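Remarks on the structure that follows.
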Amino acid sequence: MDKPIIETSKLNFYYGSFHALIDVNLKVGRNKITSLIGPSGCGKSTLLRIFNRMNDLIDGTTTSGSVLIEGREILGPQVDLVDLRKHVGMVFQRPNPFPLSVFENVAFGLRIRGERRKNVLEEAVCKSLSSVLLFDDLKDKLSLNALQLTLEQQQRLCIARLIAVTPDLLLMDEICSALDPMATMKIESLMLELKKQYTIVIVTHNMQQAARVSDECGFMLLGELIEFGDTKKIFTAPDDQRTDDYITGRFG
Amino acid sequence: MKRTTEWIIEKLIFISGIGSIVFVALIFFFLLKEGLSLFASVNVFSFLFGVNWYPISEPPQFGILPLILGSLLVTLGAVVIAVPLGIASALYVAEVAPKWLSEILKSGIELLAAIPSIVLGFIGIATLAPFLKNVFNLPSGLTALAGSIMLAFMAMPTIVSIIEDSINSVPRSYREGSLALGATRWQTIYRVILPAASSGILAAIMLGIGRVIGETMAVLMITGNAAILPTSILQPVRTLTATIAAEMGEAVSGSEHYFALFAIGIVLFVISFIINLVADFFMNRNKKRNKKK
Ligand SMILES: Nc1ncnc2c1ncn2[C@@H]1O[C@H](COP(=O)(O)OP(=O)(O)O)[C@@H](O)[C@H]1O
Ligand SMILES: [Mg+2]
């Protein structure tokens with residue numbers, strides 16, 4: 001495989017004294033969709049939030065081991081979090097557009113990077129909305145408050161907001177869990193579209209989704225990465241008995 | 001037996017509920033009756049826009065424009081001082097300070113609210129007025145500015161605690177979304193949190209104004225009490241409330257002067273009522289918006 005975009009080794013993470021990630025070794029390949037599956041509470045979100053250091057917002061956590069993104073160590077106090085998060089974007093479980101207009105939501109990332117030129121902002125907004133297939137629906141409603149959109153549109157907007165600043169990596173934490181099946185299908189096809197340009201890591205409790213969209217898949221249990229590999233293989237011939245039990249629905 | 005007790009309790013509650021409404025209605029009715037009597041002899045226009053307040057000269061003149069402007073000037077000054085300070089302190093308490101410090105600061109702010117206004121006025125006379133007198137080289141430090149500063153202190157607790165509440169009720173997800181996009185903490189505050197809390201901030205400002213415009217004793221003590229049309233914040237002024245407090249004792253019951261003071265009461269009532277209405281509007285909008293999330 002090519003040089004991985006994310007590589008963790010001996011990654012351990014604690015909430016206070018609770019050991020939430022145990023010796024996780026993981027390689028995420030470029031321009032692929034990698035999925036993390038596992039029962040609720042096994043540490044999927046925690047792992048994802050390591051990659052953009054969102055866990056730093058929580059008091060009393062400790063991290064050890066190493067996480068390289070594009071070959072650069074991202075753990076440790078010397079890392080510039082603002083810069084890291086400019087390269088590693090995240091979409092959340094519940095759509096969280098800002099209570100601003102559609103336009104300002106998408107322009108947000110550029111504005112905080114100091115972009116003021118109107119034409120640059122406009123172009124970026126149009127382009128980003130197009131790439132999440134929202135432009136046709138919203139081109140006359142750019143000044144609408146984003147909270148008035150449907151949930152699916154809000155989630156698309158949150159993706160557009162990220163794409164506007166062209167990160168290298170998109171982290172998506174159960175981004176379809178607030179959506180109905182139709183909307184979920186549409187977002188999934190969007191993911192497949194985005195894969196051409198971005199590397200995507202998704203967390204999902206929906207095994208069918210992982211099977212449908214991801215190239216590689218990791219199964220987690222109680223803070224450990226039990227098995228990682230080609231999605232087809234994980235779903236058809238897993239090496240570990242526990243993976244087999246999970247995907248055949250014996251627990252979880 | 002039980003039935004009768006319950007019946008009695010129920011009626012008692014009913015009567016006290018009605019009673020409070022009736023009392024408010026009576027006060028309001030009394031205020032209107034006494035206040036409106038003035039307009040039998042003085043016309044409304046020359047009352048509201050007259051520039052001379054000479055209630056005991058012969059013939060008396062009841063123009064309250066200087067008093068209205070005095071109130072507005074002192075209030076406006078207080079708002080200009082208290083709002084930026086209030087927003088800054090609320091942000092510091094809610095977003096920047098470590099937890100233990102923000103707990104201490106919050107108690108401190110509550111303590112400030114507990115200081116009786118007359119005490120603040122007293123401290124103002126003893127310290128603030130001489131200070132202003134020296135700094136601006138004035139004949140007397142008892143000016144609109146002194147009143148504004150004192151009132152800003154009085155309005156601060158209200159303003160800070162309401163703004164702090166509305167900052168805290170900004171959903172966490174906005175903050176995370178912004179930080180995850182690579183925004184700094186300051187950019188997050190300024191571009192996401194403050195706009196999201198804007199209704200609460202407006203409500204805080206309106207309630208702060210409400211608190212300030214009805215304040216009496218401190219302004220009576222510290223603004224110099226001259227019922228002249230103010231042209232500068234460094235002049236003595238007199239407010240609506242201070243006029244009532246200062247003159248009620250000497251106005252002969254049933255005289256024009258006495259009615260005029262009640263008419264001032266009506267003006268004050270209308271102003272406070274409008275301010276509360278606006279504040280209420282913003283508060284409700286804030287609540288609704290946050291519920292939607
Ligand atoms: N902020 C937190 N403080 C303490 N424990 C937490 C916190 N967030 C998550 N946990 C715990 O860490 C474990 C993993 O959580 P999470 O990563 O959210 O799981 P998943 O996303 O797989 O459902 C769970 O047992 C959860 O209770
Ligand atoms: Mg999760």
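Residues are named by chain letter and number: chains run A, B, ... in the order of the structure tokens, numbers start at 1 in each chain, and ligands are numbered from 1 in the order shown.
Near ligand 2, at distances of 10 Å or less and with only C-alpha atoms and all ligand atoms counted, sit the residues Ile37, Gly38, Pro39, Ser40, Gly41, Cys42, Gly43, Lys44, Ser45, Thr46, Leu47, Leu48, Arg49, Phe92, Gln93, Asp173, Glu174, Val203, Thr204 and His205 of chain A.
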**Message:** I'd like the contact shell of Trp53 (chain B) - 7 Å cut-off, only C-alpha atoms, skipping same-chain residues fewer than 4 positions apart - returned as a list in words.
**Reply:** Gln61, Phe62, Gly63, Ile64 and Ala227 of chain B
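Interface residues of chain A facing chain B, defined by any atom at most 8 Å away and using only C-alpha atoms, are Asn52, Met54, Leu81, Val82, Asp83, Leu84, Arg85, Lys86, Gly89, Met90, Val91, Phe92, Asn96, Pro97, Phe98, Pro99, Gly109, Ile112 and Leu162 of chain A.
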How would the residues just picked look written out with C-alpha atoms as a tab-separated table (two decimals), in the first residue's frame?
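Saved file again20.tsv follows:
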chain	number	residue	atom	x	y	z
A	52	ASN	CA	-8.15	16.31	15.07
A	54	MET	CA	-11.01	17.33	19.71
A	81	LEU	CA	-4.08	22.59	16.92
A	82	VAL	CA	-5.52	25.38	14.81
A	83	ASP	CA	-3.22	24.34	11.98
A	84	LEU	CA	-3.93	20.63	12.47
A	85	ARG	CA	-7.67	21.21	12.30
A	86	LYS	CA	-7.24	23.11	9.08
A	89	GLY	CA	-11.87	18.34	9.14
A	90	MET	CA	-14.71	16.78	11.06
A	91	VAL	CA	-18.44	16.30	10.47
A	92	PHE	CA	-20.47	15.54	13.57
A	96	ASN	CA	-24.36	21.54	13.63
A	97	PRO	CA	-24.53	24.42	11.20
A	98	PHE	CA	-23.95	27.79	12.83
A	99	PRO	CA	-27.02	29.97	13.36
A	109	GLY	CA	-13.64	28.55	7.25
A	112	ILE	CA	-11.28	32.71	9.78
A	162	LEU	CA	-15.40	21.67	5.42
**Request:** Extract the full set of alpha helix (DSSP H) residues from region 51-201 of chain B according to DSSP on the backbone, and format it as a PyMOL selection string.
**Result:** chain B and resi 65-91+99-114+117-123+129-136+144-168+172-180+185-188+194-196+198-201
**Item:** Distance query Tyr15 (chain A) at most 9 Å, only C-alpha atoms, self and fewer than 5 positions along chain excluded, as a ChimeraX atom specification
**Value:** /A:20,58-62
